[in-house]
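Just input_26.pdb here, PDB, C-alpha atoms:
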ATOM      1  CA  THR A   1     -50.455 -51.917 -29.683
ATOM      2  CA  LEU A   2     -47.929 -51.682 -26.878
ATOM      3  CA  MET A   3     -47.093 -47.993 -27.500
ATOM      4  CA  GLY A   4     -50.753 -47.005 -27.178
ATOM      5  CA  ALA A   5     -51.174 -48.946 -23.921
ATOM      6  CA  ARG A   6     -48.158 -47.230 -22.303
ATOM      7  CA  LEU A   7     -49.350 -43.695 -23.201
ATOM      8  CA  ALA A   8     -52.937 -44.398 -22.126
ATOM      9  CA  GLY A   9     -52.064 -45.685 -18.619
ATOM     10  CA  SER A  10     -49.489 -43.072 -17.567
ATOM     11  CA  HIS A  11     -51.766 -40.020 -17.213
ATOM     12  CA  GLY A  12     -54.525 -41.760 -15.269
ATOM     13  CA  ASP A  13     -53.925 -40.195 -11.844
ATOM     14  CA  THR A  14     -52.670 -36.667 -12.596
ATOM     15  CA  GLN A  15     -55.185 -35.174 -10.125
ATOM     16  CA  GLU A  16     -53.495 -36.786  -7.026
ATOM     17  CA  PRO A  17     -50.004 -35.394  -6.196
ATOM     18  CA  LYS A  18     -47.397 -38.160  -5.850
ATOM     19  CA  THR A  19     -45.974 -38.236  -2.305
ATOM     20  CA  ASN A  20     -42.839 -40.256  -1.581
ATOM     21  CA  PRO A  21     -43.307 -42.113   1.750
ATOM     22  CA  LEU A  22     -39.565 -41.866   2.516
ATOM     23  CA  VAL A  23     -39.424 -38.037   2.353
ATOM     24  CA  SER A  24     -40.765 -36.187   5.421
ATOM     25  CA  ILE A  25     -41.364 -32.417   5.477
ATOM     26  CA  SER A  26     -41.515 -30.611   8.829
ATOM     27  CA  ASP A  27     -41.933 -26.938   9.748
ATOM     28  CA  GLU A  28     -39.412 -26.928  12.634
ATOM     29  CA  PRO A  29     -36.338 -24.750  12.065
ATOM     30  CA  GLU A  30     -33.310 -26.950  11.282
ATOM     31  CA  THR A  31     -30.275 -26.948  13.575
ATOM     32  CA  LEU A  32     -27.249 -25.557  11.738
ATOM     33  CA  TYR A  33     -23.787 -27.018  12.073
ATOM     34  CA  LYS A  34     -20.760 -24.769  11.696
ATOM     35  CA  ARG A  35     -18.328 -27.647  11.326
ATOM     36  CA  LEU A  36     -18.665 -31.415  10.958
ATOM     37  CA  SER A  37     -15.412 -33.158  11.887
ATOM     38  CA  ILE A  38     -15.022 -36.822  10.884
ATOM     39  CA  LEU A  39     -11.972 -38.673  12.197
ATOM     40  CA  VAL A  40     -11.330 -42.039  10.526
ATOM     41  CA  LYS A  41      -8.892 -44.547  12.043
ATOM     42  CA  GLY A  42      -7.503 -47.666  10.421
ATOM     43  CA  HIS A  43      -4.594 -50.084  10.231
ATOM     44  CA  ASP A  44      -4.131 -49.855   6.437
ATOM     45  CA  LYS A  45      -3.141 -46.521   4.889
ATOM     46  CA  ALA A  46      -4.265 -47.555   1.375
ATOM     47  CA  VAL A  47      -7.805 -48.290   2.654
ATOM     48  CA  LEU A  48      -7.951 -44.866   4.333
ATOM     49  CA  ASP A  49      -6.718 -43.111   1.169
ATOM     50  CA  SER A  50      -9.399 -44.721  -0.971
ATOM     51  CA  TYR A  51     -12.045 -43.936   1.670
ATOM     52  CA  GLU A  52     -10.891 -40.281   1.690
ATOM     53  CA  TYR A  53     -11.341 -40.096  -2.096
ATOM     54  CA  PHE A  54     -14.826 -41.623  -1.744
ATOM     55  CA  ALA A  55     -15.928 -39.274   1.103
ATOM     56  CA  VAL A  56     -14.628 -36.123  -0.639
ATOM     57  CA  LEU A  57     -16.358 -37.145  -3.893
ATOM     58  CA  ALA A  58     -19.635 -37.802  -2.027
ATOM     59  CA  ALA A  59     -19.409 -34.383  -0.311
ATOM     60  CA  LYS A  60     -18.783 -32.618  -3.648
ATOM     61  CA  GLU A  61     -21.693 -34.430  -5.301
ATOM     62  CA  LEU A  62     -24.051 -33.399  -2.476
ATOM     63  CA  GLY A  63     -22.769 -29.804  -2.628
ATOM     64  CA  ILE A  64     -21.132 -29.810   0.827
ATOM     65  CA  SER A  65     -18.036 -27.585   1.069
ATOM     66  CA  VAL A  66     -14.942 -29.394   2.351
ATOM     67  CA  GLU A  67     -12.882 -27.177   4.664
ATOM     68  CA  LYS A  68      -9.746 -29.311   4.774
ATOM     69  CA  VAL A  69      -8.549 -32.910   4.733
ATOM     70  CA  ASP A  70      -6.029 -33.423   7.521
ATOM     71  CA  LYS A  71      -3.797 -36.505   7.939
ATOM     72  CA  PRO A  72      -2.440 -36.640  11.525
ATOM     73  CA  PRO A  73       0.707 -38.758  12.024
ATOM     74  CA  LYS A  74       0.276 -42.456  12.810
ATOM     75  CA  THR A  75       0.515 -43.832  16.363
ATOM     76  CA  ILE A  76       2.452 -47.057  16.947
ATOM     77  CA  GLU A  77       1.728 -49.126  20.071
ATOM     78  CA  ARG A  78       4.675 -51.490  20.692
ATOM     79  CA  PHE A  79       5.240 -54.124  23.332
ATOM     80  CA  THR A  80       8.055 -56.593  24.007
ATOM     81  CA  LEU A  81       7.286 -60.138  25.207
ATOM     82  CA  LEU A  82       9.391 -63.181  26.026
ATOM     83  CA  LYS A  83       9.893 -65.411  22.988
ATOM     84  CA  SER A  84       9.932 -68.694  24.906
ATOM     85  CA  VAL A  85       7.307 -70.274  27.125
ATOM     86  CA  HIS A  86       9.621 -71.014  30.083
ATOM     87  CA  ILE A  87      13.089 -69.428  30.457
ATOM     88  CA  TYR A  88      15.420 -67.584  27.970
ATOM     89  CA  LYS A  89      15.016 -64.045  29.215
ATOM     90  CA  LYS A  90      17.494 -62.693  26.677
ATOM     91  CA  HIS A  91      15.373 -63.668  23.657
ATOM     92  CA  ARG A  92      12.284 -61.546  23.181
ATOM     93  CA  VAL A  93       9.641 -60.874  20.540
ATOM     94  CA  GLN A  94       8.358 -57.395  19.692
ATOM     95  CA  TYR A  95       4.855 -56.688  18.371
ATOM     96  CA  GLU A  96       3.435 -53.372  17.213
ATOM     97  CA  MET A  97       0.020 -52.054  16.198
ATOM     98  CA  ARG A  98      -0.085 -49.080  13.828
ATOM     99  CA  THR A  99      -3.106 -46.784  13.704
ATOM    100  CA  HIS A 100      -3.350 -44.330  10.772
ATOM    101  CA  TYR A 101      -5.704 -41.326  11.003
ATOM    102  CA  MET A 102      -7.536 -39.178   8.479
ATOM    103  CA  CYS A 103      -9.591 -36.147   9.518
ATOM    104  CA  LEU A 104     -12.227 -34.721   7.171
ATOM    105  CA  GLU A 105     -13.710 -31.314   8.062
ATOM    106  CA  LEU A 106     -16.878 -30.074   6.365
ATOM    107  CA  LYS A 107     -18.335 -26.643   6.963
ATOM    108  CA  TYR A 108     -21.806 -25.105   7.095
ATOM    109  CA  LEU A 109     -24.308 -27.967   7.032
ATOM    110  CA  THR A 110     -27.959 -28.315   8.005
ATOM    111  CA  SER A 111     -29.037 -31.198  10.224
ATOM    112  CA  SER A 112     -30.823 -33.043   7.412
ATOM    113  CA  THR A 113     -27.822 -32.683   5.059
ATOM    114  CA  ALA A 114     -25.526 -33.924   7.816
ATOM    115  CA  ALA A 115     -27.849 -36.865   8.532
ATOM    116  CA  VAL A 116     -27.971 -37.902   4.859
ATOM    117  CA  TYR A 117     -24.219 -37.536   4.327
ATOM    118  CA  LEU A 118     -23.283 -39.346   7.537
ATOM    119  CA  GLU A 119     -25.700 -42.189   6.848
ATOM    120  CA  TYR A 120     -24.307 -42.687   3.327
ATOM    121  CA  VAL A 121     -20.694 -42.460   4.426
ATOM    122  CA  GLN A 122     -21.204 -44.766   7.441
ATOM    123  CA  ARG A 123     -23.034 -47.444   5.464
ATOM    124  CA  ASN A 124     -20.016 -47.675   3.161
ATOM    125  CA  LEU A 125     -17.411 -47.706   5.940
ATOM    126  CA  PRO A 126     -14.905 -50.473   5.144
ATOM    127  CA  GLU A 127     -14.242 -53.267   7.640
ATOM    128  CA  GLY A 128     -11.375 -52.657  10.063
ATOM    129  CA  VAL A 129     -11.926 -48.886   9.969
ATOM    130  CA  ALA A 130     -13.424 -46.855  12.819
ATOM    131  CA  MET A 131     -15.003 -43.405  12.654
ATOM    132  CA  GLU A 132     -15.623 -40.595  15.186
ATOM    133  CA  VAL A 133     -17.873 -37.662  14.353
ATOM    134  CA  LYS A 134     -17.877 -34.250  16.085
ATOM    135  CA  LYS A 135     -20.503 -31.640  15.261
ATOM    136  CA  THR A 136     -20.237 -27.919  16.106
ATOM    137  CA  LYS A 137     -23.698 -26.364  16.406
ATOM    138  CA  ILE A 138     -24.568 -22.718  15.670
ATOM    139  CA  GLU A 139     -27.115 -21.280  18.130
ATOM    140  CA  LYS A 140     -28.622 -17.832  18.576
ATOM    141  CA  ILE A 141     -27.194 -15.819  21.501
ATOM    142  CA  PRO A 142     -29.572 -16.364  24.483
ATOM    143  CA  GLU A 143     -31.745 -13.383  25.446
ATOM    144  CA  HIS A 144     -30.071 -12.594  28.761
ATOM    145  CA  ILE A 145     -26.664 -11.995  27.079
ATOM    146  CA  GLN A 146     -27.826 -10.077  23.992
ATOM    147  CA  LYS A 147     -27.329  -6.632  25.531
ATOM    148  CA  PRO A 148     -24.220  -5.815  27.662
ATOM    149  CA  VAL A 149     -24.829  -5.543  31.414
ATOM    150  CA  TRP A 150     -23.566  -1.957  31.760
ATOM    151  CA  ASP A 151     -26.302  -0.716  29.407
ATOM    152  CA  THR A 152     -29.145  -2.235  31.444
ATOM    153  CA  LEU A 153     -28.170  -1.050  34.967
ATOM    154  CA  PRO A 154     -29.853   2.198  36.164
ATOM    155  CA  GLN A 155     -27.517   5.228  35.913
ATOM    156  CA  VAL A 156     -25.957   6.204  39.270
ATOM    157  CA  LYS A 157     -25.697   9.993  39.808
ATOM    158  CA  GLU A 158     -22.110  11.090  40.386
ATOM    159  CA  THR A 159     -21.677  12.707  43.806
ATOM    160  CA  GLU A 160     -18.906  15.172  44.439
ATOM    161  CA  VAL A 161     -16.377  13.892  46.916
ATOM    162  CA  LYS A 162     -15.662  16.603  49.478
ATOM    163  CA  SER A 163     -12.110  16.281  50.676
TER     164      SER A 163
ATOM    165  CA  ALA B   1       4.908 -70.670  12.623
ATOM    166  CA  ARG B   2       7.477 -70.069   9.922
ATOM    167  CA  VAL B   3       7.601 -72.786   7.227
ATOM    168  CA  ARG B   4      11.170 -74.194   7.225
ATOM    169  CA  VAL B   5      13.124 -75.054   4.067
ATOM    170  CA  GLY B   6      12.997 -78.771   3.053
ATOM    171  CA  ARG B   7      13.972 -80.962   0.122
ATOM    172  CA  GLY B   8      12.009 -78.975  -2.481
ATOM    173  CA  ASP B   9       8.802 -81.024  -2.609
ATOM    174  CA  LYS B  10       6.784 -79.154   0.061
ATOM    175  CA  MET B  11       4.203 -76.881  -1.611
ATOM    176  CA  VAL B  12       3.712 -73.551   0.118
ATOM    177  CA  THR B  13       0.984 -70.956  -0.548
ATOM    178  CA  TYR B  14       1.550 -67.146  -0.602
ATOM    179  CA  GLU B  15       0.029 -66.837   2.872
ATOM    180  CA  GLN B  16       2.241 -69.536   4.400
ATOM    181  CA  ALA B  17       5.441 -68.385   2.637
ATOM    182  CA  HIS B  18       5.499 -64.894   4.176
ATOM    183  CA  ALA B  19       6.369 -64.384   7.864
ATOM    184  CA  PRO B  20       4.264 -62.171  10.197
ATOM    185  CA  HIS B  21       6.613 -59.195   9.841
ATOM    186  CA  HIS B  22       5.454 -58.910   6.192
ATOM    187  CA  ILE B  23       1.859 -58.103   7.279
ATOM    188  CA  GLY B  24       0.991 -54.661   5.922
ATOM    189  CA  HIS B  25       3.865 -54.779   3.411
ATOM    190  CA  ARG B  26       3.484 -57.994   1.377
ATOM    191  CA  LYS B  27       0.553 -59.639   3.174
ATOM    192  CA  GLY B  28      -2.924 -58.498   4.080
ATOM    193  CA  TRP B  29      -4.899 -59.046   7.267
ATOM    194  CA  LEU B  30      -6.875 -62.253   7.770
ATOM    195  CA  SER B  31      -9.263 -60.773  10.326
ATOM    196  CA  LEU B  32     -10.553 -57.205   9.909
ATOM    197  CA  HIS B  33     -12.125 -55.484  12.913
ATOM    198  CA  THR B  34     -11.754 -52.267  14.878
ATOM    199  CA  GLY B  35     -10.758 -53.866  18.209
ATOM    200  CA  ASN B  36      -7.012 -53.296  17.821
ATOM    201  CA  LEU B  37      -7.167 -49.598  16.891
ATOM    202  CA  CYS B  38      -6.001 -46.883  19.316
ATOM    203  CA  GLY B  39      -8.841 -45.966  21.646
ATOM    204  CA  GLU B  40     -11.140 -48.838  20.618
ATOM    205  CA  ALA B  41     -12.303 -51.658  22.906
ATOM    206  CA  GLY B  42     -13.264 -55.301  22.362
ATOM    207  CA  ALA B  43     -10.000 -56.767  21.020
ATOM    208  CA  ALA B  44     -10.108 -59.835  23.276
ATOM    209  CA  GLN B  45     -13.739 -60.677  22.406
ATOM    210  CA  ARG B  46     -13.016 -60.380  18.684
ATOM    211  CA  ALA B  47      -9.916 -62.599  19.048
ATOM    212  CA  LEU B  48     -11.955 -65.289  20.854
ATOM    213  CA  GLU B  49     -14.701 -65.099  18.213
ATOM    214  CA  ASP B  50     -12.106 -65.401  15.441
ATOM    215  CA  ALA B  51     -10.552 -68.504  17.041
ATOM    216  CA  PHE B  52     -13.978 -70.153  17.402
ATOM    217  CA  LEU B  53     -15.017 -69.262  13.842
ATOM    218  CA  ARG B  54     -11.828 -70.663  12.318
ATOM    219  CA  ARG B  55     -12.222 -73.951  14.225
ATOM    220  CA  PHE B  56     -15.913 -74.116  13.261
ATOM    221  CA  LEU B  57     -15.186 -73.578   9.566
ATOM    222  CA  ALA B  58     -12.345 -76.109   9.646
ATOM    223  CA  GLY B  59     -14.801 -78.596  11.144
ATOM    224  CA  THR B  60     -17.801 -78.026   8.849
ATOM    225  CA  PHE B  61     -15.616 -78.174   5.705
ATOM    226  CA  PRO B  62     -13.150 -80.923   6.660
ATOM    227  CA  GLY B  63     -10.248 -81.085   4.225
ATOM    228  CA  LEU B  64     -11.943 -78.620   1.830
ATOM    229  CA  LEU B  65     -10.477 -75.355   3.093
ATOM    230  CA  LEU B  66      -7.598 -74.395   0.800
ATOM    231  CA  ASP B  67      -6.391 -71.359   2.711
ATOM    232  CA  GLU B  68      -7.167 -69.512   5.936
ATOM    233  CA  PRO B  69     -10.681 -67.945   5.840
ATOM    234  CA  VAL B  70     -10.847 -64.127   5.890
ATOM    235  CA  LEU B  71     -13.193 -62.709   8.559
ATOM    236  CA  LYS B  72     -14.641 -59.222   8.084
ATOM    237  CA  ARG B  73     -16.856 -57.233  10.442
ATOM    238  CA  ARG B  74     -18.919 -54.353   9.035
ATOM    239  CA  GLY B  75     -20.955 -52.878  11.887
ATOM    240  CA  ASN B  76     -23.097 -55.770  13.107
ATOM    241  CA  LEU B  77     -22.579 -57.902  10.012
ATOM    242  CA  LEU B  78     -20.027 -60.708  10.069
ATOM    243  CA  VAL B  79     -18.710 -61.793   6.651
ATOM    244  CA  LEU B  80     -16.708 -65.015   6.342
ATOM    245  CA  CYS B  81     -14.849 -65.455   3.055
ATOM    246  CA  ALA B  82     -13.488 -68.970   2.425
ATOM    247  CA  LEU B  83     -11.773 -70.760  -0.462
ATOM    248  CA  LEU B  84     -12.856 -74.380  -0.915
ATOM    249  CA  ALA B  85     -11.745 -77.320  -3.030
ATOM    250  CA  ARG B  86     -14.163 -78.937  -5.511
ATOM    251  CA  ALA B  87     -14.577 -82.228  -3.678
ATOM    252  CA  LEU B  88     -18.270 -81.937  -2.732
ATOM    253  CA  PRO B  89     -21.212 -81.483  -5.169
ATOM    254  CA  PRO B  90     -22.723 -77.941  -5.214
ATOM    255  CA  HIS B  91     -26.023 -78.792  -3.456
ATOM    256  CA  LYS B  92     -24.112 -80.094  -0.434
ATOM    257  CA  LEU B  93     -22.015 -76.909  -0.343
ATOM    258  CA  TYR B  94     -25.177 -74.776  -0.425
ATOM    259  CA  PHE B  95     -26.623 -76.790   2.457
ATOM    260  CA  LEU B  96     -23.443 -76.346   4.540
ATOM    261  CA  GLN B  97     -23.421 -72.629   3.748
ATOM    262  CA  GLY B  98     -27.030 -72.181   4.949
ATOM    263  CA  TYR B  99     -26.339 -74.332   8.004
ATOM    264  CA  THR B 100     -23.309 -72.260   9.092
ATOM    265  CA  GLU B 101     -25.097 -68.955   8.430
ATOM    266  CA  THR B 102     -28.191 -69.803  10.516
ATOM    267  CA  LEU B 103     -26.283 -71.545  13.311
ATOM    268  CA  LEU B 104     -23.671 -68.793  13.725
ATOM    269  CA  GLY B 105     -26.386 -66.139  13.400
ATOM    270  CA  HIS B 106     -28.310 -67.644  16.291
ATOM    271  CA  PHE B 107     -25.113 -68.194  18.287
ATOM    272  CA  TYR B 108     -23.609 -64.712  17.940
ATOM    273  CA  LYS B 109     -26.950 -62.845  17.590
ATOM    274  CA  CYS B 110     -25.775 -60.961  14.500
ATOM    275  CA  PRO B 111     -26.273 -61.433  10.726
ATOM    276  CA  VAL B 112     -23.649 -63.806   9.320
ATOM    277  CA  ARG B 113     -22.808 -64.090   5.619
ATOM    278  CA  LEU B 114     -20.614 -66.866   4.253
ATOM    279  CA  GLU B 115     -19.015 -66.208   0.854
ATOM    280  CA  LEU B 116     -17.522 -69.318  -0.718
ATOM    281  CA  GLN B 117     -15.321 -69.701  -3.777
ATOM    282  CA  THR B 118     -14.215 -73.042  -5.173
ATOM    283  CA  LEU B 119     -10.841 -73.707  -6.777
ATOM    284  CA  PRO B 120      -9.577 -76.903  -8.391
ATOM    285  CA  ALA B 121      -6.501 -77.066  -6.116
ATOM    286  CA  ARG B 122      -4.339 -75.069  -3.732
ATOM    287  CA  LEU B 123      -2.359 -72.317  -5.492
ATOM    288  CA  PRO B 124       1.385 -72.884  -5.020
ATOM    289  CA  TYR B 125       3.615 -69.846  -4.492
ATOM    290  CA  LYS B 126       6.865 -71.741  -4.118
ATOM    291  CA  PHE B 127       8.229 -75.167  -3.184
ATOM    292  CA  LEU B 128      10.465 -75.407  -0.122
TER     293      LEU B 128
END
Let me see whether you can do it: turn the structure in this file into structure tokens.
Amino acid sequence: TLMGARLAGSHGDTQEPKTNPLVSISDEPETLYKRLSILVKGHDKAVLDSYEYFAVLAAKELGISVEKVDKPPKTIERFTLLKSVHIYKKHRVQYEMRTHYMCLELKYLTSSTAAVYLEYVQRNLPEGVAMEVKKTKIEKIPEHIQKPVWDTLPQVKETEVKS
Amino acid sequence: ARVRVGRGDKMVTYEQAHAPHHIGHRKGWLSLHTGNLCGEAGAAQRALEDAFLRRFLAGTFPGLLLDEPVLKRRGNLLVLCALLARALPPHKLYFLQGYTETLLGHFYKCPVRLELQTLPARLPYKFL
């Protein structure tokens, strides 16, 4: 019967552990990021709003804490050109290009979490939308600064000034 | 070019009826890329590619294009979305689709995807 065939074949290789070829495990300590700042630019505000909802939902599902979602004011680049090919200086045409921004700030990530989140979010970036990412790394204080300088210098004996 | 008012027999689609100052309010964009954003480069190259692609599509589907094709760029991928009339049989449309995809892919050195949709006739918005 079909039920018997399914149960018989599933426990054939329990002795070998199943390793996923896509997952890699390394012993190096991961670089930590204090803040991951994603600035998204676009011409259409509705597209940016829906992308913000998508990115915030993805961050919540992966367990990444969202610091804040900032919406800087739009920049408008305008220029005035002559309407006609030859003369008619008094009749002009004005064009403008509007760029809307949306800044998403995430805090306290590891490098692998950041890589996974950024890859997912960048693969689903809509057309006509550009993204800039800034990462703030956390590093240990280097050894030569760990102790203050005035503690390491040899103590100078105070001499009495004879006036 | 703005479509001028006539006797009442000229059929006009939604795209043709609205003037350029309605883009972003009542109209959408026909070509979507990041070249025109603040601080981004490559606007002129994208404009030239768009002009070539529109002429190419108008030539490979003569008389079949119902409305202006929509060009989208996602990373390296170039997606062309076109509305066609049902004048040709489907196997010829599939051949033309494969032909444009391979030829443009080799020409622009990027993956090209052509998404076609057939309609019985052009959709009228109003008659001017």
message: Taking 4 positions as the minimum chain separation for residues in the same chain, which residues sit within 8 Å of segment 96-100 of chain A when counting only C-alpha atoms? Answer as a PyMOL selection string.
response: (chain A and resi 41-45+48+72-79) or (chain B and resi 36-38)
Listing only residues of chain B within 10 Å of chain A, what is the closest atom pair and its distance in Å (to one decimal) for each, using all atoms listed in the file, sorted by chain and residue number ascending, as a Markdown table?
| residue | atom | partner | partner_atom | distance |
| --- | --- | --- | --- | --- |
| B:Pro20 | CA | A:Tyr95 | CA | 9.9 |
| B:His21 | CA | A:Tyr95 | CA | 9.1 |
| B:Gly24 | CA | A:Asp44 | CA | 7.0 |
| B:His25 | CA | A:Asp44 | CA | 9.9 |
| B:Gly28 | CA | A:Asp44 | CA | 9.0 |
| B:Trp29 | CA | A:Asp44 | CA | 9.3 |
| B:Ser31 | CA | A:Gly128 | CA | 8.4 |
| B:Leu32 | CA | A:Gly128 | CA | 4.6 |
| B:His33 | CA | A:Gly128 | CA | 4.1 |
| B:Thr34 | CA | A:Gly128 | CA | 4.8 |
| B:Gly35 | CA | A:Gly128 | CA | 8.3 |
| B:Asn36 | CA | A:Met97 | CA | 7.3 |
| B:Leu37 | CA | A:Thr99 | CA | 5.9 |
| B:Cys38 | CA | A:Thr99 | CA | 6.3 |
| B:Gly39 | CA | A:Lys41 | CA | 9.7 |
| B:Glu40 | CA | A:Ala130 | CA | 8.4 |
| B:Leu71 | CA | A:Glu127 | CA | 9.5 |
| B:Lys72 | CA | A:Glu127 | CA | 6.0 |
| B:Arg73 | CA | A:Glu127 | CA | 5.5 |
| B:Arg74 | CA | A:Glu127 | CA | 5.0 |
| B:Gly75 | CA | A:Glu127 | CA | 8.0 |
| B:Leu77 | CA | A:Glu127 | CA | 9.8 |
| B:Leu78 | CA | A:Glu127 | CA | 9.7 |
| B:Val79 | CA | A:Glu127 | CA | 9.7 |
message: List the spatial neighbours of Leu80 of chain B as a ChimeraX atom specification - criterion: any atom at most 12 Å away, all atoms listed in the file, same-chain residues fewer than 6 positions off excluded.
response: /B:30-32,50,53-54,56-57,68-74,97,100-101,104,111-117
field: Residues matched by the PyMOL selection byres ((chain A and resi 37) around 8), written as number ranges by chain
entry: A: 35-36, 38-39, 103-106, 133-135
Expansion of the PyMOL selection byres ((chain B and resi 16) around 10) into residues, as a PyMOL selection string: chain B and resi 1-3+11-15+17-20+67-68+125-126
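The space between atom CA of His144 of chain A and atom CA of Leu32 of chain A spans 21.6 Å.
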message: Would you compute the distance between atom CA of Pro29 of chain A and atom CA of Val116 of chain A? Give it in Å to one decimal.
response: 17.2 Å
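Residue nearest Glu67 of chain A within the list A:Tyr53, A:Tyr108, A:Tyr120, A:Tyr33: A:Tyr108 [criterion: smallest interatomic distance, only C-alpha atoms].
This file, filtered with the PyMOL selection byres ((chain B and resi 119) around 12), gives the residues Leu64, Leu65, Leu66, Asp67, Ala82, Leu83, Leu84, Ala85, Arg86, Ala87, Leu88, Leu116, Gln117, Thr118, Pro120, Ala121, Arg122 and Leu123 of chain B.
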task: Can you work out the spacing between atom CA of Thr60 of chain B and atom CA of Ala44 of chain B in Å, to one decimal?
output: 24.5 Å
task: Find, counting only C-alpha atoms, the residue in A:Thr31, A:Tyr101, A:Ile141, A:Leu153 that gets nearest to Ala115 of chain A.
output: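 Of A:Thr31, A:Tyr101, A:Ile141, A:Leu153, the one nearest Ala115 of chain A is A:Thr31, counting only C-alpha atoms.
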- request: Determine, counting all atoms listed in the file, which protein, DNA and RNA residues have an atom within 10 Å of an atom of Thr113 of chain A; residues of the same chain fewer than 4 positions away are not included. Present the result as a PyMOL selection string.
  value: chain A and resi 32-33+62-64+108-109+117-119
Axis-aligned box over every listed atom of segment 38-54 of chain B, padded by 6 Å per side: centre and edges in Å to one decimal, as JSON?
{"center_x": -10.5, "center_y": -58.3, "center_z": 17.8, "size_x": 21.0, "size_y": 36.7, "size_z": 23.0}
task: For a cut-off of 7 Å around (-9.6, -34.2, 2.9), file coordinates, pick out all residues using only C-alpha atoms and list them as an MDAnalysis selection string.
output: chainID A and resid 52 56 68:70 103:104
Completion step: segment 46-51 of chain B with all heavy atoms as an mmCIF file, keeping the file's coordinate frame:
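Dumped everything to part23.cif:
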data_model
loop_
_atom_site.group_PDB
_atom_site.id
_atom_site.type_symbol
_atom_site.label_atom_id
_atom_site.label_comp_id
_atom_site.auth_asym_id
_atom_site.auth_seq_id
_atom_site.Cartn_x
_atom_site.Cartn_y
_atom_site.Cartn_z
ATOM 1 N N ARG B 46 -13.137 -60.106 20.115
ATOM 2 C CA ARG B 46 -13.016 -60.380 18.684
ATOM 3 C C ARG B 46 -12.030 -61.512 18.453
ATOM 4 O O ARG B 46 -12.246 -62.368 17.594
ATOM 5 C CB ARG B 46 -12.535 -59.155 17.906
ATOM 6 C CG ARG B 46 -13.390 -57.928 18.030
ATOM 7 C CD ARG B 46 -14.758 -58.108 17.446
ATOM 8 N NE ARG B 46 -15.711 -57.226 18.070
ATOM 9 C CZ ARG B 46 -16.236 -57.374 19.293
ATOM 10 N NH1 ARG B 46 -15.947 -58.356 19.970
ATOM 11 N NH2 ARG B 46 -17.056 -56.508 19.837
ATOM 12 N N ALA B 47 -10.910 -61.538 19.222
ATOM 13 C CA ALA B 47 -9.916 -62.599 19.048
ATOM 14 C C ALA B 47 -10.530 -63.962 19.387
ATOM 15 O O ALA B 47 -10.307 -64.951 18.665
ATOM 16 C CB ALA B 47 -8.703 -62.329 19.938
ATOM 17 N N LEU B 48 -11.308 -64.022 20.473
ATOM 18 C CA LEU B 48 -11.955 -65.289 20.854
ATOM 19 C C LEU B 48 -12.943 -65.729 19.780
ATOM 20 O O LEU B 48 -12.994 -66.904 19.390
ATOM 21 C CB LEU B 48 -12.676 -65.092 22.199
ATOM 22 C CG LEU B 48 -13.267 -66.345 22.829
ATOM 23 C CD1 LEU B 48 -12.147 -67.265 23.250
ATOM 24 C CD2 LEU B 48 -14.127 -65.990 24.011
ATOM 25 N N GLU B 49 -13.740 -64.752 19.261
ATOM 26 C CA GLU B 49 -14.701 -65.099 18.213
ATOM 27 C C GLU B 49 -13.992 -65.602 16.966
ATOM 28 O O GLU B 49 -14.434 -66.562 16.325
ATOM 29 C CB GLU B 49 -15.531 -63.859 17.836
ATOM 30 C CG GLU B 49 -16.556 -63.476 18.879
ATOM 31 C CD GLU B 49 -17.084 -62.061 18.656
ATOM 32 O OE1 GLU B 49 -16.881 -61.517 17.553
ATOM 33 O OE2 GLU B 49 -17.689 -61.522 19.588
ATOM 34 N N ASP B 50 -12.865 -64.975 16.618
ATOM 35 C CA ASP B 50 -12.106 -65.401 15.441
ATOM 36 C C ASP B 50 -11.604 -66.829 15.599
ATOM 37 O O ASP B 50 -11.701 -67.635 14.666
ATOM 38 C CB ASP B 50 -10.891 -64.483 15.222
ATOM 39 C CG ASP B 50 -11.295 -63.107 14.768
ATOM 40 O OD1 ASP B 50 -12.492 -62.905 14.490
ATOM 41 O OD2 ASP B 50 -10.418 -62.228 14.693
ATOM 42 N N ALA B 51 -11.068 -67.156 16.807
ATOM 43 C CA ALA B 51 -10.552 -68.504 17.041
ATOM 44 C C ALA B 51 -11.681 -69.525 16.896
ATOM 45 O O ALA B 51 -11.530 -70.552 16.214
ATOM 46 C CB ALA B 51 -9.924 -68.586 18.433
#
